[in-house]
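These notes concern the structure reproduced below.
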Amino acid sequence: MINTWFVMVTAVSATLMAAQRQPPADLVAWLEKARVEGTLVDWCQGQFETGRRGAYAAAVTTPSSGGRYLVIDSAATVVELARFKDAPDLACYAPSDARKLNETIRSSETIRGRITPLFPTTVVCAFVENTEAVCWQYAPKSRAFVKVGEWQT
């Protein structure tokens, strides 16, 4: 029996290479290990927990269920942040960069919202709708990702 995940990852890798952005080998391996189904369409690397490197935020799509924003680490632990319907738009920010983005949002006449990083770790922001973005950070005490911002364009 052919491993359908391998075939899919190979196809995804070829598609992304054509787009001049090949996914990191460790991310592909972790998605395979976690048996995440779908097509990897975007990603960014971050340090989501203090002292722990080696994690990614990723956007994965499937024809049947749309898209999901995930965080996956070197242990192949997967956390779903949100679902999306349209084209993914995902970014990882250092807290200082998230604060700069917050200042840009505050000074905009057309964008409403804010980002307030709570921890010294990476902030993940992603568009969940065409005009609505949400940002999350990992909260160590609750051991979960919490919303630290949002904006509408």
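Scheme for the structure tokens: letters A, B, ... for chains in order shown; per-chain residue numbers from 1; ligand numbers from 1 in order shown.
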
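By chain and then residue number, the residues within 6 Å of A:Arg68 are Ala59, Val60, Ala82, Arg83 and Phe84 of chain A, counting only C-alpha atoms and disregarding those fewer than 3 positions away in sequence.
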
How close does each residue of stretch 48-95 of chain A get to stretch 101-110 of chain A, giving the shortest atom pair and distance in Å to one decimal for every residue with an atom at most 12 Å away, counting only C-alpha atoms, sorted by chain and residue number, as a Markdown table?
```
| residue | atom | partner | partner_atom | distance |
| --- | --- | --- | --- | --- |
| A:Ala91 | CA | A:Leu101 | CA | 11.6 |
| A:Cys92 | CA | A:Leu101 | CA | 11.7 |
| A:Tyr93 | CA | A:Leu101 | CA | 9.2 |
| A:Ala94 | CA | A:Leu101 | CA | 10.6 |
| A:Pro95 | CA | A:Leu101 | CA | 9.7 |
```

**Study point:** Counting only C-alpha atoms, the residue of A:Phe127, A:Gln45, A:Lys33, A:Tyr56 that sits nearest A:Val79
**Key:**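 The answer is A:Tyr56, which sits nearest to A:Val79.
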
Check your understanding: Hey, which of A:Thr121, A:Thr77, A:Lys147, A:Ala139 ends up closest to A:Arg35? Count only C-alpha atoms.
Key -> A:Thr77

Exercise for review: Based on DSSP run over this structure's backbone, return all residues of stretch 2-137 of chain A in alpha helix (DSSP H), as an MDAnalysis selection string.
Suggested key: chainID A and resid 4:18 25:33 95:107

Expected file: the selected residues, N, CA and C atoms, as an mmCIF file, in the first residue's frame:
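Generated file (out-v8.cif):
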```cif
data_model
loop_
_atom_site.group_PDB
_atom_site.id
_atom_site.type_symbol
_atom_site.label_atom_id
_atom_site.label_comp_id
_atom_site.auth_asym_id
_atom_site.auth_seq_id
_atom_site.Cartn_x
_atom_site.Cartn_y
_atom_site.Cartn_z
ATOM 1 N N THR A 4 -0.158 7.383 1.543
ATOM 2 C CA THR A 4 -0.771 8.560 0.928
ATOM 3 C C THR A 4 -0.201 9.847 1.502
ATOM 4 N N TRP A 5 0.221 9.841 2.762
ATOM 5 C CA TRP A 5 0.810 11.053 3.333
ATOM 6 C C TRP A 5 2.099 11.397 2.601
ATOM 7 N N PHE A 6 2.939 10.380 2.325
ATOM 8 C CA PHE A 6 4.187 10.628 1.618
ATOM 9 C C PHE A 6 3.926 11.205 0.232
ATOM 10 N N VAL A 7 2.960 10.634 -0.463
ATOM 11 C CA VAL A 7 2.622 11.129 -1.800
ATOM 12 C C VAL A 7 2.158 12.578 -1.702
ATOM 13 N N MET A 8 1.312 12.860 -0.720
ATOM 14 C CA MET A 8 0.790 14.215 -0.556
ATOM 15 C C MET A 8 1.919 15.188 -0.199
ATOM 16 N N VAL A 9 2.778 14.818 0.725
ATOM 17 C CA VAL A 9 3.879 15.699 1.114
ATOM 18 C C VAL A 9 4.804 15.938 -0.066
ATOM 19 N N THR A 10 5.058 14.901 -0.853
ATOM 20 C CA THR A 10 5.896 15.058 -2.024
ATOM 21 C C THR A 10 5.263 16.031 -3.010
ATOM 22 N N ALA A 11 3.960 15.901 -3.213
ATOM 23 C CA ALA A 11 3.253 16.815 -4.113
ATOM 24 C C ALA A 11 3.277 18.237 -3.568
ATOM 25 N N VAL A 12 3.086 18.366 -2.269
ATOM 26 C CA VAL A 12 3.129 19.692 -1.642
ATOM 27 C C VAL A 12 4.514 20.282 -1.797
ATOM 28 N N SER A 13 5.532 19.493 -1.551
ATOM 29 C CA SER A 13 6.901 19.993 -1.681
ATOM 30 C C SER A 13 7.177 20.455 -3.099
ATOM 31 N N ALA A 14 6.728 19.693 -4.087
ATOM 32 C CA ALA A 14 6.947 20.075 -5.484
ATOM 33 C C ALA A 14 6.211 21.360 -5.807
ATOM 34 N N THR A 15 4.984 21.496 -5.328
ATOM 35 C CA THR A 15 4.204 22.709 -5.575
ATOM 36 C C THR A 15 4.869 23.916 -4.918
ATOM 37 N N LEU A 16 5.302 23.749 -3.687
ATOM 38 C CA LEU A 16 5.927 24.861 -2.987
ATOM 39 C C LEU A 16 7.286 25.209 -3.590
ATOM 40 N N MET A 17 8.003 24.230 -4.070
ATOM 41 C CA MET A 17 9.275 24.518 -4.717
ATOM 42 C C MET A 17 9.036 25.357 -5.964
ATOM 43 N N ALA A 18 7.962 25.031 -6.682
ATOM 44 C CA ALA A 18 7.637 25.809 -7.869
ATOM 45 C C ALA A 18 7.321 27.246 -7.484
ATOM 46 N N ALA A 25 12.503 20.783 6.099
ATOM 47 C CA ALA A 25 12.406 19.325 6.210
ATOM 48 C C ALA A 25 11.885 18.884 7.570
ATOM 49 N N ASP A 26 12.292 19.592 8.639
ATOM 50 C CA ASP A 26 11.820 19.177 9.955
ATOM 51 C C ASP A 26 10.310 19.396 10.086
ATOM 52 N N LEU A 27 9.794 20.475 9.545
ATOM 53 C CA LEU A 27 8.352 20.717 9.600
ATOM 54 C C LEU A 27 7.594 19.630 8.845
ATOM 55 N N VAL A 28 8.045 19.289 7.665
ATOM 56 C CA VAL A 28 7.397 18.232 6.880
ATOM 57 C C VAL A 28 7.419 16.912 7.652
ATOM 58 N N ALA A 29 8.553 16.590 8.262
ATOM 59 C CA ALA A 29 8.675 15.341 9.030
ATOM 60 C C ALA A 29 7.729 15.338 10.230
ATOM 61 N N TRP A 30 7.625 16.467 10.924
ATOM 62 C CA TRP A 30 6.742 16.538 12.095
ATOM 63 C C TRP A 30 5.275 16.407 11.690
ATOM 64 N N LEU A 31 4.890 17.033 10.578
ATOM 65 C CA LEU A 31 3.511 16.911 10.094
ATOM 66 C C LEU A 31 3.200 15.464 9.732
ATOM 67 N N GLU A 32 4.180 14.806 9.118
ATOM 68 C CA GLU A 32 3.991 13.394 8.775
ATOM 69 C C GLU A 32 3.862 12.553 10.046
ATOM 70 N N LYS A 33 4.746 12.785 11.001
ATOM 71 C CA LYS A 33 4.711 12.029 12.261
ATOM 72 C C LYS A 33 3.389 12.228 12.991
ATOM 73 N N PRO A 95 7.801 39.731 20.158
ATOM 74 C CA PRO A 95 6.909 40.665 20.861
ATOM 75 C C PRO A 95 7.165 42.128 20.499
ATOM 76 N N SER A 96 8.434 42.521 20.336
ATOM 77 C CA SER A 96 8.728 43.909 19.983
ATOM 78 C C SER A 96 8.166 44.267 18.608
ATOM 79 N N ASP A 97 8.216 43.338 17.668
ATOM 80 C CA ASP A 97 7.638 43.578 16.341
ATOM 81 C C ASP A 97 6.115 43.617 16.398
ATOM 82 N N ALA A 98 5.531 42.791 17.255
ATOM 83 C CA ALA A 98 4.072 42.828 17.427
ATOM 84 C C ALA A 98 3.641 44.174 18.010
ATOM 85 N N ARG A 99 4.453 44.726 18.913
ATOM 86 C CA ARG A 99 4.132 46.055 19.473
ATOM 87 C C ARG A 99 4.235 47.134 18.397
ATOM 88 N N LYS A 100 5.220 47.015 17.512
ATOM 89 C CA LYS A 100 5.336 47.970 16.397
ATOM 90 C C LYS A 100 4.126 47.864 15.474
ATOM 91 N N LEU A 101 3.704 46.643 15.199
ATOM 92 C CA LEU A 101 2.511 46.446 14.381
ATOM 93 C C LEU A 101 1.292 47.044 15.081
ATOM 94 N N ASN A 102 1.219 46.916 16.387
ATOM 95 C CA ASN A 102 0.124 47.521 17.154
ATOM 96 C C ASN A 102 0.108 49.037 16.974
ATOM 97 N N GLU A 103 1.278 49.666 16.998
ATOM 98 C CA GLU A 103 1.351 51.123 16.787
ATOM 99 C C GLU A 103 0.864 51.494 15.390
ATOM 100 N N THR A 104 1.202 50.686 14.408
ATOM 101 C CA THR A 104 0.728 50.925 13.043
ATOM 102 C C THR A 104 -0.788 50.821 12.989
ATOM 103 N N ILE A 105 -1.329 49.820 13.643
ATOM 104 C CA ILE A 105 -2.786 49.649 13.692
ATOM 105 C C ILE A 105 -3.434 50.840 14.379
ATOM 106 N N ARG A 106 -2.875 51.252 15.514
ATOM 107 C CA ARG A 106 -3.433 52.394 16.267
ATOM 108 C C ARG A 106 -3.444 53.671 15.450
ATOM 109 N N SER A 107 -2.434 53.879 14.627
ATOM 110 C CA SER A 107 -2.341 55.123 13.873
ATOM 111 C C SER A 107 -3.099 55.067 12.537
#
```

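Straight-line separation from atom CA of A:Arg143 to atom CA of A:Val124: 15.8 Å.
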
Check your understanding: Could you name the residues that touch A:Thr62 at 10 Å or less, counting only C-alpha atoms, but leaving out those on the same chain fewer than 5 positions away, as a list in words?
Key ->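 Residues near the query, excluding close chain neighbours: Glu37, Gly38, Thr39, Leu40, Gly67 and Arg68 of chain A.
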
Store the residues picked out above in a file with N, CA and C atoms, as a PDB file, in the first residue's frame.
```pdb
ATOM      1  N   GLU A  37      -3.347  15.706   8.048  1.00  0.00           N
ATOM      2  CA  GLU A  37      -3.798  15.578   6.668  1.00  0.00           C
ATOM      3  C   GLU A  37      -4.008  16.953   6.066  1.00  0.00           C
ATOM      4  N   GLY A  38      -3.736  17.068   4.788  1.00  0.00           N
ATOM      5  CA  GLY A  38      -3.951  18.317   4.094  1.00  0.00           C
ATOM      6  C   GLY A  38      -2.705  18.786   3.384  1.00  0.00           C
ATOM      7  N   THR A  39      -2.818  19.957   2.823  1.00  0.00           N
ATOM      8  CA  THR A  39      -1.733  20.558   2.068  1.00  0.00           C
ATOM      9  C   THR A  39      -1.136  21.704   2.867  1.00  0.00           C
ATOM     10  N   LEU A  40       0.144  21.655   3.115  1.00  0.00           N
ATOM     11  CA  LEU A  40       0.849  22.728   3.802  1.00  0.00           C
ATOM     12  C   LEU A  40       0.979  23.894   2.839  1.00  0.00           C
ATOM     13  N   GLY A  67      -9.403  25.332   5.733  1.00  0.00           N
ATOM     14  CA  GLY A  67      -8.060  25.441   6.263  1.00  0.00           C
ATOM     15  C   GLY A  67      -8.009  25.524   7.771  1.00  0.00           C
ATOM     16  N   ARG A  68      -6.839  25.166   8.297  1.00  0.00           N
ATOM     17  CA  ARG A  68      -6.592  25.252   9.736  1.00  0.00           C
ATOM     18  C   ARG A  68      -5.230  25.867   9.968  1.00  0.00           C
TER      19      ARG A  68
END
```

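Using only C-alpha atoms for every distance, the candidate list A:Ala87, A:Val71, A:Ala76, A:Ala34 yields A:Val71 as the residue closest to A:Val123.
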
Study note, to complete from the structure: Using only C-alpha atoms, the best pick from A:Gly51, A:Pro63, A:Pro88, A:Gly149 as closest to A:Leu118 would be A:Gly149

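With distances restricted to only C-alpha atoms, A:Ile115 is the closest residue to A:Glu150 from A:Tyr138, A:Val128, A:Ser64, A:Ile115.
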
Check your understanding: Just how far from atom CA of A:Ala58 is atom CA of A:Leu90, in Å to one decimal?
Key ->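 Between atom CA of A:Leu90 and atom CA of A:Ala58 the gap works out to 7.6 Å.
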
**Study point:** Secondary structure check, strand (DSSP E or B) residues of stretch 105-134 of chain A, as a ChimeraX atom specification
**Key:** /A:112-115,123-129,132-134

Point to revise | Minimum-distance residue to A:Val41, chosen among A:Gly113, A:Gly66, A:Pro120, A:Pro140 (using only C-alpha atoms) | key: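 Of all the options, A:Gly66 lies closest to A:Val41.
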
Point to revise | Atomic separation - atom CA of A:Thr116 relative to atom CA of A:Trp136, Å | key: 9.6 Å
